[in-house]
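Structure first, commentary second.
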Amino acid sequence: MGIVHGQEMVLNIGPQHPSTHGVLRLQVRTDGEIISEIKPFIGYLHRCFEKHSENVTYEQVIPFTDRCDYLASMANNFGYVVAMEELMDIKVPERVEFIRVIMGELQRIASHLLALGVYGLDVGAFTPFLHMFRDRERILDIFEMTCGARLLYNYMWVGGLSHDLPVGFMDVTYNFLDYFEPKIGEFNDLLSHNKIFVERTADVGVLPPDVAISYGVSGPNLRASGVKWDIRKDEPYSIYDRFDFDVPIGEGIKGSVGDCWDRYYVRMLEMMESVKILRQALSQIPKDGDVHQTIPKKIRPPKGSIYKRTETPRGDLGYYIVSDGSPVPYRVKMRSPAFTALSVLGEIANGWMMSDVIAILGSLDIVLGEIDR
Amino acid sequence: MTVDWIFEWLNGLFTTLSGNPFFLIIAILVPCLALFGFITVYAFVVIYMELKVSSFIQDKVGPMGQGVGLHAGKWGVLQPIADALKLLTKEDIIPESADKPLFIMAPFMIFIGAFIGFIALPFGEYIIITDLNIGIFYILAVGSFSVIALILAGWASNNKWSLYGGMRSAAQIVSYEIPAGLSIVVVIMLSSTLSMQGIVKYQEGGIFNWIIFTNPFAFVAFFIYFISAMAETNRTPFDIPEAESELVGGFHTEYSGMRFAFFFLSEYANMFVVSGVAATGFLGGWQSPIPGYFNTPLWGIFWMLSKTMFLVFMMIWMRWTFPRLRVDQLMNVCWKVLLPISLVNIFGVGIWTLVFG
């Protein structure tokens with residue numbers, strides 16, 4: 001007796017669906033519960049970031065970068081200002097570098113907390129989501145205290161920062177780290193090693209390293225496939241080469257290397273590494289220094305172009321900036337890590353069940369704001 | 001039983017009209033209304049409980065009264081009433097392409113399925129609406145009524161998500177009835193009766209006479225029954241028919257307002273019925289855990305309610321702790337784990353009774 005095949009059905013998952021992480025539409029061809037073809041449709045959140053950037057001055061681009069990956073705005077600012085500073089050959093003060101690293105790593109923790117919590121939600125666990133949101137809230141409070149905004153910061157400027165650290169920042173951040181470190185163990189007990197969670201995610205949606213590389217997947221998704229590639233380590237920018245931290249990779253503890261559980265767990269481990277970097281940065285930060293010292297009066301980079309990539313919570317974020325010598329960029333192109341992560345979905349999600357597709361999509365941790373730009 | 005009493009009492013009161021069929025209708029309606037009132041009150045309690053328990057699990061406070069006006073009452077106790085009012089006043093939408101009669105029928109059918117299960121639940125020696133001689137069998141039978149309503153809801157909505165939900169629930173509920181039924185067989189074998197009161201009376205004499213503690217096979221059977229019951233009521237980790245992150249709302253995607261509330265209410269009513277069966281079948285029903293003490297009818301109600309509500313609490317606790325299983329894993333658990341164990345259980349209990357009984 002062969003396998004019975006019914007009639008295939010075309011189903012639109014999204015754009016209004018609880019677990020498409022924004023406004024993504026997946027057109028899937030299903031045979032009962034089994035998905036035979038999956039096609040992502042994007043563009044529902046397209047806001048012309050790149051075209052807008054050609055009509056505003058260089059410093060006015062920074063708020064736009066906030067709105068691309070709205071869950072990791074600090075990291076997006078960071079990439080843009082690092083690229084601009086290299087183009088204009090600006091050397092920022094030590095203190096600014098340290099503050100940027102601190103903000104970048106806090107943002108990484110906040111972004112991963114959201115990714116992991118929402119991932120729990122995708123596989124049906126509601127409670128870890130709220131626990132992680134509670135802790136993310138504390139990071140947002142730190143950001144609010146620093147620059148007044150909770151989500152879209154516009155904090156890093158070309159050549160400096162909008163504000164210096166506020167009074168009491170150190171205490172609050174140390175308190176947060178002391179509070180947060182034991183919580184990771186709690187999350188592991190609650191979700192990571194939960195039998196049902198492991199059943200749902202281990203060996204599901206395996207992304208082999210060669211496929212990941214050929215699609216240009218980066219960040220935690222690539223590292224989960226066993227490729228040790230982290231721009232902070234391999235192409236250090238800012239002052240990341242001064243810190244001692246590991247690059248966690250997927251080891252296939254619960255299933256095979258590169259499955260959903262690995263992608264989930266790599267993010268968990270990365271949060272611990274970020275805590276490590278934060279502790280070092282907080283203890284080494286120079287006491288004084290003006291964060292506005294090297295901000296140029298007029299941003300008018302010389303003719304030329306630059307491509308600079310940085311490691312955001314989602315992967316390699318590259319900015320390609322072309323300058324024609326005027327105060328307005330000729331072209332700003334953004335290479336979005338979430339876009340490449342989404343492009344691999346059709347490759348790894350075919351043949352899985354309906355629930356698995358949601359789990360695989362969630363494990364890639366996409367942000368539609370960055371995909372559509 | 002209650003119906004007979006009311007009927008006889010009415011006959012005795014108005015001797016001239018004795019035997020009037022009108023009395024019979026009253027005699028049937030009175031317990032029904034009492035039951036409906038009970039379910040409503042219970043629903044408010046359990047919804048409040050779910051709100052608060054989930055909030056405490058998630059490290060938040062849940063609904064609270066705020067300020068002078070106490071919008072949701074002290075500690076938010078009025079929140080379920082506010083929710084019910086909200087659902088009542090919402091627009092009732094029937095999709096254009098839905099199969100209208102079936103769409104309207106489904107919520108009522110599911111509620112009937114949950115409602116009539118209460119009839120055979122004993123709350124005391126005399127506090128039971130009717131002590132059917134096949135009581136436990138009857139509850140299992142009407143419990144599976146809900147699957148028809150769920151398929152109906154899924155199909156009639158004319159929505160792909162609803163259809164998925166309906167089909168999933170059909171597969172799920174039909175399969176999980178088997179281990180649930182087989183674990184109840186253990187109870188029936190031990191007590192050698194199908195009557196709910198008979199089962200409770202068999203467990204007379206303290207906590208160690210409860211069926212769950214009489215032998216190891218019955219202990220396992222209790223857990224199999226409880227897991228299967230949870231699957232039958234579509235609660236997380238077995239909530240795949242409604243799986244909000246996958247199927248939007250599953251079978252109730254297209255339902256709004258009061259029609260949705262009926263699905264909601266019957267889920268909670270079902271939880272009570274299956275927990276009530278577990279409490280009666282395994283935990284001694286209305287019997288006190290200490291022999292000879294606290295055995296008055298009022299205490300009986302207390303014991304039955306507290307045992308049942310404890311199991312309901314367990315369901316809430318699990319819902320807010322576990323992720324959701326996938327549909328094939330769900331079937332695996334049922335057919336490859338629970339079913340073989342429950343079959344072995346039946347033999348085990350038989351042999352145990354032969355040797356030690």
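Chains: A, B, ... in order of the structure tokens. Residues: from 1 per chain. Ligands: from 1, in order shown.
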Show me, as a PyMOL selection string, the residues of chain A whose atoms get within 10 Å of chain B, using only C-alpha atoms for the distance check.
chain A and resi 9-14+16-20+32-33+120-132+134+190-191+194-200+353-359
Which of range 14-211 of chain B DSSP labels helix (DSSP H, G or I), written as a CSV table (one decimal) with N, CA and C atoms, in the first residue's frame:
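As a result, part26.csv now contains:
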chain,number,residue,atom,x,y,z
B,15,THR,N,-52.1,17.1,44.9
B,15,THR,CA,-52.6,15.8,44.7
B,15,THR,C,-53.7,15.7,43.6
B,16,THR,N,-54.4,16.8,43.4
B,16,THR,CA,-55.5,16.8,42.4
B,16,THR,C,-55.0,16.7,41.0
B,17,LEU,N,-53.8,17.3,40.8
B,17,LEU,CA,-53.2,17.3,39.4
B,17,LEU,C,-52.2,16.2,39.2
B,21,PRO,N,-48.2,15.8,33.1
B,21,PRO,CA,-46.9,15.9,32.4
B,21,PRO,C,-46.1,17.2,32.5
B,22,PHE,N,-46.9,18.3,32.9
B,22,PHE,CA,-46.3,19.6,33.1
B,22,PHE,C,-45.3,19.5,34.3
B,23,PHE,N,-45.7,18.7,35.3
B,23,PHE,CA,-44.8,18.6,36.4
B,23,PHE,C,-43.5,18.0,36.0
B,24,LEU,N,-43.6,17.0,35.1
B,24,LEU,CA,-42.4,16.4,34.6
B,24,LEU,C,-41.4,17.4,33.9
B,25,ILE,N,-42.0,18.3,33.1
B,25,ILE,CA,-41.2,19.3,32.5
B,25,ILE,C,-40.5,20.1,33.5
B,26,ILE,N,-41.3,20.6,34.5
B,26,ILE,CA,-40.7,21.4,35.6
B,26,ILE,C,-39.6,20.6,36.3
B,27,ALA,N,-39.9,19.3,36.6
B,27,ALA,CA,-38.9,18.5,37.3
B,27,ALA,C,-37.6,18.4,36.5
B,28,ILE,N,-37.8,18.4,35.1
B,28,ILE,CA,-36.6,18.3,34.3
B,28,ILE,C,-35.8,19.7,34.3
B,29,LEU,N,-36.6,20.7,34.1
B,29,LEU,CA,-36.1,22.1,34.0
B,29,LEU,C,-35.3,22.5,35.2
B,30,VAL,N,-35.9,22.3,36.4
B,30,VAL,CA,-35.2,22.8,37.6
B,30,VAL,C,-33.8,22.3,37.7
B,31,PRO,N,-33.5,21.0,37.7
B,31,PRO,CA,-32.1,20.7,37.8
B,31,PRO,C,-31.2,21.2,36.6
B,32,CYS,N,-31.8,21.3,35.4
B,32,CYS,CA,-31.1,21.8,34.3
B,32,CYS,C,-30.6,23.3,34.6
B,33,LEU,N,-31.6,24.1,35.1
B,33,LEU,CA,-31.3,25.5,35.4
B,33,LEU,C,-30.2,25.6,36.5
B,34,ALA,N,-30.4,24.7,37.5
B,34,ALA,CA,-29.4,24.7,38.6
B,34,ALA,C,-28.1,24.4,38.0
B,35,LEU,N,-28.0,23.4,37.1
B,35,LEU,CA,-26.7,23.0,36.5
B,35,LEU,C,-26.2,24.1,35.7
B,36,PHE,N,-27.0,24.8,34.9
B,36,PHE,CA,-26.6,25.9,34.1
B,36,PHE,C,-26.0,27.0,35.0
B,37,GLY,N,-26.7,27.3,36.1
B,37,GLY,CA,-26.2,28.3,37.0
B,37,GLY,C,-24.8,27.9,37.6
B,38,PHE,N,-24.7,26.6,37.9
B,38,PHE,CA,-23.5,26.1,38.5
B,38,PHE,C,-22.4,26.3,37.4
B,39,ILE,N,-22.6,25.9,36.2
B,39,ILE,CA,-21.6,26.0,35.2
B,39,ILE,C,-21.1,27.4,35.0
B,40,THR,N,-22.1,28.4,35.0
B,40,THR,CA,-21.8,29.8,34.8
B,40,THR,C,-20.9,30.3,35.9
B,41,VAL,N,-21.3,29.9,37.2
B,41,VAL,CA,-20.5,30.4,38.3
B,41,VAL,C,-19.1,29.7,38.3
B,42,TYR,N,-19.1,28.5,37.9
B,42,TYR,CA,-17.8,27.7,37.9
B,42,TYR,C,-16.9,28.4,36.8
B,43,ALA,N,-17.6,28.8,35.6
B,43,ALA,CA,-16.8,29.3,34.6
B,43,ALA,C,-16.1,30.6,35.0
B,44,PHE,N,-16.9,31.5,35.8
B,44,PHE,CA,-16.3,32.7,36.3
B,44,PHE,C,-15.2,32.4,37.2
B,45,VAL,N,-15.4,31.4,38.1
B,45,VAL,CA,-14.3,31.1,39.0
B,45,VAL,C,-13.0,30.6,38.3
B,46,VAL,N,-13.3,29.7,37.3
B,46,VAL,CA,-12.1,29.1,36.7
B,46,VAL,C,-11.4,30.1,35.7
B,47,ILE,N,-12.2,31.0,35.1
B,47,ILE,CA,-11.5,32.0,34.3
B,47,ILE,C,-10.7,32.9,35.1
B,48,TYR,N,-11.2,33.3,36.2
B,48,TYR,CA,-10.5,34.1,37.1
B,48,TYR,C,-9.2,33.4,37.6
B,49,MET,N,-9.4,32.1,37.9
B,49,MET,CA,-8.3,31.3,38.3
B,49,MET,C,-7.2,31.2,37.3
B,50,GLU,N,-7.7,31.0,36.0
B,50,GLU,CA,-6.7,30.9,34.9
B,50,GLU,C,-5.9,32.2,34.8
B,51,LEU,N,-6.7,33.3,34.8
B,51,LEU,CA,-6.0,34.6,34.7
B,51,LEU,C,-5.0,34.8,35.8
B,52,LYS,N,-5.3,34.5,37.0
B,52,LYS,CA,-4.4,34.7,38.1
B,52,LYS,C,-3.3,33.7,38.2
B,53,VAL,N,-3.6,32.4,37.9
B,53,VAL,CA,-2.5,31.4,38.0
B,53,VAL,C,-1.5,31.7,36.9
B,54,SER,N,-2.0,32.0,35.7
B,54,SER,CA,-1.1,32.2,34.6
B,54,SER,C,-0.3,33.5,34.9
B,55,SER,N,-0.9,34.5,35.5
B,55,SER,CA,-0.2,35.7,35.8
B,55,SER,C,1.0,35.4,36.8
B,56,PHE,N,0.6,34.6,37.8
B,56,PHE,CA,1.7,34.3,38.8
B,56,PHE,C,2.8,33.5,38.2
B,57,ILE,N,2.4,32.6,37.3
B,57,ILE,CA,3.5,31.8,36.7
B,57,ILE,C,4.3,32.7,35.8
B,74,LYS,N,-12.0,44.4,43.5
B,74,LYS,CA,-10.8,44.1,44.3
B,74,LYS,C,-10.1,42.9,43.7
B,75,TRP,N,-8.8,43.0,43.6
B,75,TRP,CA,-7.9,42.0,43.0
B,75,TRP,C,-8.4,41.6,41.6
B,76,GLY,N,-9.2,42.4,41.0
B,76,GLY,CA,-9.7,42.0,39.6
B,76,GLY,C,-10.7,40.9,39.6
B,79,GLN,N,-13.1,40.8,36.7
B,79,GLN,CA,-12.6,40.7,35.3
B,79,GLN,C,-13.4,39.6,34.5
B,80,PRO,N,-13.6,38.4,35.0
B,80,PRO,CA,-14.4,37.5,34.1
B,80,PRO,C,-15.7,38.0,33.7
B,81,ILE,N,-16.4,38.8,34.6
B,81,ILE,CA,-17.7,39.3,34.3
B,81,ILE,C,-17.5,40.3,33.2
B,82,ALA,N,-16.5,41.2,33.3
B,82,ALA,CA,-16.2,42.2,32.3
B,82,ALA,C,-16.0,41.5,30.9
B,83,ASP,N,-15.2,40.4,31.0
B,83,ASP,CA,-14.9,39.6,29.7
B,83,ASP,C,-16.2,39.1,29.1
B,84,ALA,N,-17.1,38.5,30.0
B,84,ALA,CA,-18.3,38.0,29.5
B,84,ALA,C,-19.2,39.1,28.9
B,85,LEU,N,-19.2,40.2,29.5
B,85,LEU,CA,-20.0,41.3,29.0
B,85,LEU,C,-19.5,41.8,27.6
B,86,LYS,N,-18.2,41.8,27.6
B,86,LYS,CA,-17.5,42.2,26.3
B,86,LYS,C,-17.9,41.3,25.2
B,87,LEU,N,-17.9,40.0,25.5
B,87,LEU,CA,-18.2,39.0,24.5
B,87,LEU,C,-19.7,39.1,24.1
B,88,LEU,N,-20.5,39.4,25.1
B,88,LEU,CA,-21.9,39.5,24.8
B,88,LEU,C,-22.3,40.6,23.9
B,89,THR,N,-21.6,41.7,24.1
B,89,THR,CA,-21.9,43.0,23.4
B,89,THR,C,-21.2,43.0,22.0
B,100,LYS,N,-24.3,28.5,6.8
B,100,LYS,CA,-24.9,29.2,7.9
B,100,LYS,C,-25.5,28.3,9.0
B,101,PRO,N,-26.4,27.4,8.6
B,101,PRO,CA,-27.0,26.5,9.6
B,101,PRO,C,-26.0,25.8,10.5
B,102,LEU,N,-25.0,25.2,9.8
B,102,LEU,CA,-24.0,24.4,10.5
B,102,LEU,C,-23.2,25.3,11.4
B,103,PHE,N,-22.9,26.5,10.9
B,103,PHE,CA,-22.0,27.5,11.6
B,103,PHE,C,-22.7,27.9,12.9
B,104,ILE,N,-24.0,28.1,12.8
B,104,ILE,CA,-24.8,28.5,14.0
B,104,ILE,C,-24.9,27.3,15.0
B,105,MET,N,-25.0,26.1,14.4
B,105,MET,CA,-25.3,24.9,15.2
B,105,MET,C,-24.1,24.5,16.1
B,106,ALA,N,-22.9,24.7,15.5
B,106,ALA,CA,-21.7,24.1,16.1
B,106,ALA,C,-21.5,24.6,17.6
B,107,PRO,N,-21.6,25.9,17.9
B,107,PRO,CA,-21.3,26.2,19.3
B,107,PRO,C,-22.3,25.6,20.3
B,108,PHE,N,-23.6,25.5,19.8
B,108,PHE,CA,-24.5,24.9,20.7
B,108,PHE,C,-24.3,23.4,20.9
B,109,MET,N,-23.9,22.8,19.8
B,109,MET,CA,-23.6,21.3,20.0
B,109,MET,C,-22.5,21.1,20.9
B,110,ILE,N,-21.4,21.9,20.8
B,110,ILE,CA,-20.3,21.6,21.7
B,110,ILE,C,-20.7,21.9,23.1
B,111,PHE,N,-21.5,22.9,23.3
B,111,PHE,CA,-21.9,23.2,24.7
B,111,PHE,C,-22.8,22.1,25.3
B,112,ILE,N,-23.7,21.6,24.4
B,112,ILE,CA,-24.6,20.5,24.9
B,112,ILE,C,-23.7,19.3,25.3
B,113,GLY,N,-22.7,19.0,24.5
B,113,GLY,CA,-21.8,17.9,24.8
B,113,GLY,C,-21.1,18.1,26.2
B,114,ALA,N,-20.7,19.3,26.5
B,114,ALA,CA,-20.1,19.5,27.8
B,114,ALA,C,-21.1,19.5,28.9
B,115,PHE,N,-22.3,20.1,28.6
B,115,PHE,CA,-23.4,20.3,29.6
B,115,PHE,C,-23.9,19.0,30.1
B,116,ILE,N,-24.3,18.1,29.2
B,116,ILE,CA,-25.0,16.9,29.6
B,116,ILE,C,-24.0,15.9,30.3
B,117,GLY,N,-22.7,16.1,30.2
B,117,GLY,CA,-21.8,15.3,31.0
B,117,GLY,C,-22.0,15.5,32.5
B,118,PHE,N,-22.4,16.7,32.9
B,118,PHE,CA,-22.5,17.0,34.3
B,118,PHE,C,-23.6,16.2,35.0
B,119,ILE,N,-24.5,15.7,34.2
B,119,ILE,CA,-25.7,15.0,34.8
B,119,ILE,C,-25.3,13.8,35.7
B,120,ALA,N,-24.3,13.1,35.3
B,120,ALA,CA,-23.9,11.9,36.0
B,120,ALA,C,-22.8,12.1,37.0
B,135,GLY,N,-23.3,5.2,34.3
B,135,GLY,CA,-22.9,6.6,34.4
B,135,GLY,C,-21.6,6.9,33.8
B,136,ILE,N,-20.5,6.2,34.1
B,136,ILE,CA,-19.2,6.5,33.6
B,136,ILE,C,-19.1,6.3,32.1
B,137,PHE,N,-19.8,5.3,31.7
B,137,PHE,CA,-19.8,5.0,30.2
B,137,PHE,C,-20.5,6.2,29.5
B,138,TYR,N,-21.6,6.6,30.1
B,138,TYR,CA,-22.4,7.7,29.6
B,138,TYR,C,-21.5,9.0,29.4
B,139,ILE,N,-20.8,9.3,30.5
B,139,ILE,CA,-19.9,10.5,30.4
B,139,ILE,C,-18.9,10.4,29.3
B,140,LEU,N,-18.3,9.3,29.2
B,140,LEU,CA,-17.3,9.1,28.1
B,140,LEU,C,-18.0,9.2,26.8
B,141,ALA,N,-19.2,8.7,26.7
B,141,ALA,CA,-19.9,8.7,25.4
B,141,ALA,C,-20.2,10.2,25.0
B,142,VAL,N,-20.8,10.9,25.9
B,142,VAL,CA,-21.2,12.3,25.6
B,142,VAL,C,-20.0,13.2,25.5
B,143,GLY,N,-18.9,12.8,26.1
B,143,GLY,CA,-17.7,13.6,26.0
B,143,GLY,C,-17.2,13.7,24.5
B,145,PHE,N,-18.9,13.7,22.0
B,145,PHE,CA,-19.9,14.5,21.2
B,145,PHE,C,-19.2,15.8,20.7
B,146,SER,N,-18.3,16.3,21.4
B,146,SER,CA,-17.7,17.6,21.1
B,146,SER,C,-16.9,17.5,19.7
B,147,VAL,N,-16.4,16.3,19.4
B,147,VAL,CA,-15.7,16.2,18.2
B,147,VAL,C,-16.5,16.5,17.0
B,148,ILE,N,-17.8,16.1,17.0
B,148,ILE,CA,-18.7,16.4,15.9
B,148,ILE,C,-18.8,17.9,15.7
B,149,ALA,N,-19.0,18.6,16.9
B,149,ALA,CA,-19.2,20.0,16.9
B,149,ALA,C,-17.9,20.7,16.3
B,150,LEU,N,-16.8,20.2,16.7
B,150,LEU,CA,-15.5,20.9,16.3
B,150,LEU,C,-15.3,20.7,14.8
B,151,ILE,N,-15.6,19.5,14.3
B,151,ILE,CA,-15.5,19.3,12.8
B,151,ILE,C,-16.5,20.2,12.1
B,152,LEU,N,-17.7,20.3,12.7
B,152,LEU,CA,-18.7,21.1,12.1
B,152,LEU,C,-18.3,22.6,12.1
B,153,ALA,N,-17.7,23.0,13.2
B,153,ALA,CA,-17.3,24.4,13.2
B,153,ALA,C,-16.2,24.6,12.2
B,154,GLY,N,-15.2,23.7,12.1
B,154,GLY,CA,-14.1,23.8,11.2
B,154,GLY,C,-14.6,23.8,9.8
B,155,TRP,N,-15.5,23.0,9.4
B,155,TRP,CA,-16.0,22.8,8.1
B,155,TRP,C,-16.9,24.0,7.7
B,156,ALA,N,-17.8,24.4,8.6
B,156,ALA,CA,-18.8,25.3,8.2
B,156,ALA,C,-18.2,26.7,8.1
B,160,LYS,N,-9.6,28.0,5.6
B,160,LYS,CA,-8.6,26.9,5.6
B,160,LYS,C,-8.1,26.6,7.0
B,161,TRP,N,-7.9,27.6,7.8
B,161,TRP,CA,-7.3,27.4,9.1
B,161,TRP,C,-8.3,26.7,10.0
B,162,SER,N,-9.6,27.0,9.8
B,162,SER,CA,-10.6,26.3,10.6
B,162,SER,C,-10.7,24.8,10.2
B,163,LEU,N,-10.5,24.6,8.9
B,163,LEU,CA,-10.6,23.2,8.4
B,163,LEU,C,-9.4,22.4,9.0
B,164,TYR,N,-8.3,23.0,9.0
B,164,TYR,CA,-7.1,22.4,9.7
B,164,TYR,C,-7.4,22.0,11.1
B,165,GLY,N,-8.0,23.0,11.8
B,165,GLY,CA,-8.3,22.8,13.2
B,165,GLY,C,-9.3,21.7,13.4
B,166,GLY,N,-10.3,21.7,12.6
B,166,GLY,CA,-11.4,20.7,12.7
B,166,GLY,C,-10.8,19.3,12.5
B,167,MET,N,-10.0,19.2,11.4
B,167,MET,CA,-9.4,17.9,11.1
B,167,MET,C,-8.5,17.4,12.2
B,168,ARG,N,-7.7,18.3,12.7
B,168,ARG,CA,-6.7,17.9,13.7
B,168,ARG,C,-7.5,17.5,14.9
B,169,SER,N,-8.6,18.2,15.3
B,169,SER,CA,-9.3,17.8,16.5
B,169,SER,C,-9.9,16.5,16.3
B,170,ALA,N,-10.4,16.2,15.1
B,170,ALA,CA,-11.1,14.9,14.9
B,170,ALA,C,-10.1,13.8,15.2
B,171,ALA,N,-8.9,13.9,14.6
B,171,ALA,CA,-7.9,12.9,14.8
B,171,ALA,C,-7.5,12.8,16.2
B,172,GLN,N,-7.3,13.9,16.9
B,172,GLN,CA,-6.9,14.0,18.3
B,172,GLN,C,-7.9,13.4,19.2
B,173,ILE,N,-9.1,13.9,19.2
B,173,ILE,CA,-10.1,13.5,20.2
B,173,ILE,C,-10.4,12.0,20.0
B,174,VAL,N,-10.6,11.6,18.7
B,174,VAL,CA,-10.9,10.2,18.5
B,174,VAL,C,-9.8,9.3,19.0
B,175,SER,N,-8.6,9.6,18.8
B,175,SER,CA,-7.5,8.7,19.3
B,175,SER,C,-7.4,8.7,20.8
B,176,TYR,N,-7.5,9.9,21.4
B,176,TYR,CA,-7.3,9.9,22.8
B,176,TYR,C,-8.4,9.4,23.6
B,177,GLU,N,-9.6,9.1,23.0
B,177,GLU,CA,-10.6,8.5,23.7
B,177,GLU,C,-10.3,7.1,24.1
B,178,ILE,N,-9.5,6.5,23.2
B,178,ILE,CA,-9.2,5.0,23.5
B,178,ILE,C,-8.4,4.8,24.7
B,179,PRO,N,-7.2,5.5,24.9
B,179,PRO,CA,-6.5,5.3,26.2
B,179,PRO,C,-7.3,5.8,27.4
B,180,ALA,N,-8.1,6.8,27.2
B,180,ALA,CA,-8.9,7.3,28.3
B,180,ALA,C,-9.9,6.2,28.7
B,181,GLY,N,-10.6,5.7,27.7
B,181,GLY,CA,-11.6,4.6,28.0
B,181,GLY,C,-11.0,3.4,28.6
B,182,LEU,N,-9.8,3.0,28.1
B,182,LEU,CA,-9.1,1.8,28.6
B,182,LEU,C,-8.7,2.0,30.1
B,183,SER,N,-8.3,3.2,30.4
B,183,SER,CA,-7.9,3.5,31.8
B,183,SER,C,-9.1,3.4,32.7
B,184,ILE,N,-10.3,3.9,32.2
B,184,ILE,CA,-11.5,3.8,33.0
B,184,ILE,C,-11.9,2.3,33.2
B,185,VAL,N,-11.6,1.5,32.2
B,185,VAL,CA,-11.9,0.1,32.3
B,185,VAL,C,-11.2,-0.5,33.6
B,186,VAL,N,-10.0,0.0,33.9
B,186,VAL,CA,-9.4,-0.4,35.2
B,186,VAL,C,-10.3,-0.1,36.4
B,187,VAL,N,-10.8,1.1,36.4
B,187,VAL,CA,-11.7,1.5,37.5
B,187,VAL,C,-12.9,0.5,37.5
B,188,ILE,N,-13.5,0.3,36.3
B,188,ILE,CA,-14.7,-0.6,36.3
B,188,ILE,C,-14.4,-2.0,36.7
B,189,MET,N,-13.2,-2.5,36.4
B,189,MET,CA,-12.8,-3.8,36.8
B,189,MET,C,-12.7,-3.9,38.3
B,190,LEU,N,-12.2,-2.9,38.9
B,190,LEU,CA,-12.0,-2.9,40.3
B,190,LEU,C,-13.3,-2.8,41.1
B,191,SER,N,-14.1,-1.9,40.6
B,191,SER,CA,-15.3,-1.6,41.4
B,191,SER,C,-16.5,-2.4,40.9
B,196,MET,N,-21.7,5.7,38.7
B,196,MET,CA,-20.8,6.7,39.4
B,196,MET,C,-20.9,6.5,40.9
B,197,GLN,N,-22.1,6.4,41.4
B,197,GLN,CA,-22.2,6.3,42.9
B,197,GLN,C,-21.6,5.0,43.3
B,198,GLY,N,-21.8,3.9,42.5
B,198,GLY,CA,-21.2,2.6,42.9
B,198,GLY,C,-19.7,2.7,43.0
B,199,ILE,N,-19.1,3.4,42.0
B,199,ILE,CA,-17.7,3.6,42.0
B,199,ILE,C,-17.2,4.3,43.3
B,200,VAL,N,-17.9,5.4,43.6
B,200,VAL,CA,-17.6,6.2,44.8
B,200,VAL,C,-17.7,5.3,46.0
B,201,LYS,N,-18.8,4.6,46.1
B,201,LYS,CA,-19.0,3.7,47.3
B,201,LYS,C,-18.0,2.6,47.5
B,202,TYR,N,-17.5,2.2,46.3
B,202,TYR,CA,-16.4,1.2,46.4
B,202,TYR,C,-15.2,1.7,47.1
B,207,ILE,N,-8.2,7.4,52.4
B,207,ILE,CA,-7.4,7.7,51.3
B,207,ILE,C,-6.8,6.4,50.7
B,208,PHE,N,-6.5,5.4,51.5
B,208,PHE,CA,-5.8,4.2,50.9
B,208,PHE,C,-6.8,3.3,50.2
B,209,ASN,N,-8.1,3.6,50.4
B,209,ASN,CA,-9.0,2.8,49.6
B,209,ASN,C,-9.4,3.4,48.3
B,211,ILE,N,-9.1,4.3,44.5
B,211,ILE,CA,-8.7,3.4,43.5
B,211,ILE,C,-7.2,3.7,43.0
Counting only C-alpha atoms, the residue among A:Gly325, A:Pro208, A:Pro286, A:Gly160 that lies closest to Pro302 in chain A is A:Gly325
Could you write out, as a count of residues only, all the residues of range 148-373 of chain A that DSSP marks as strand (DSSP E)?
27
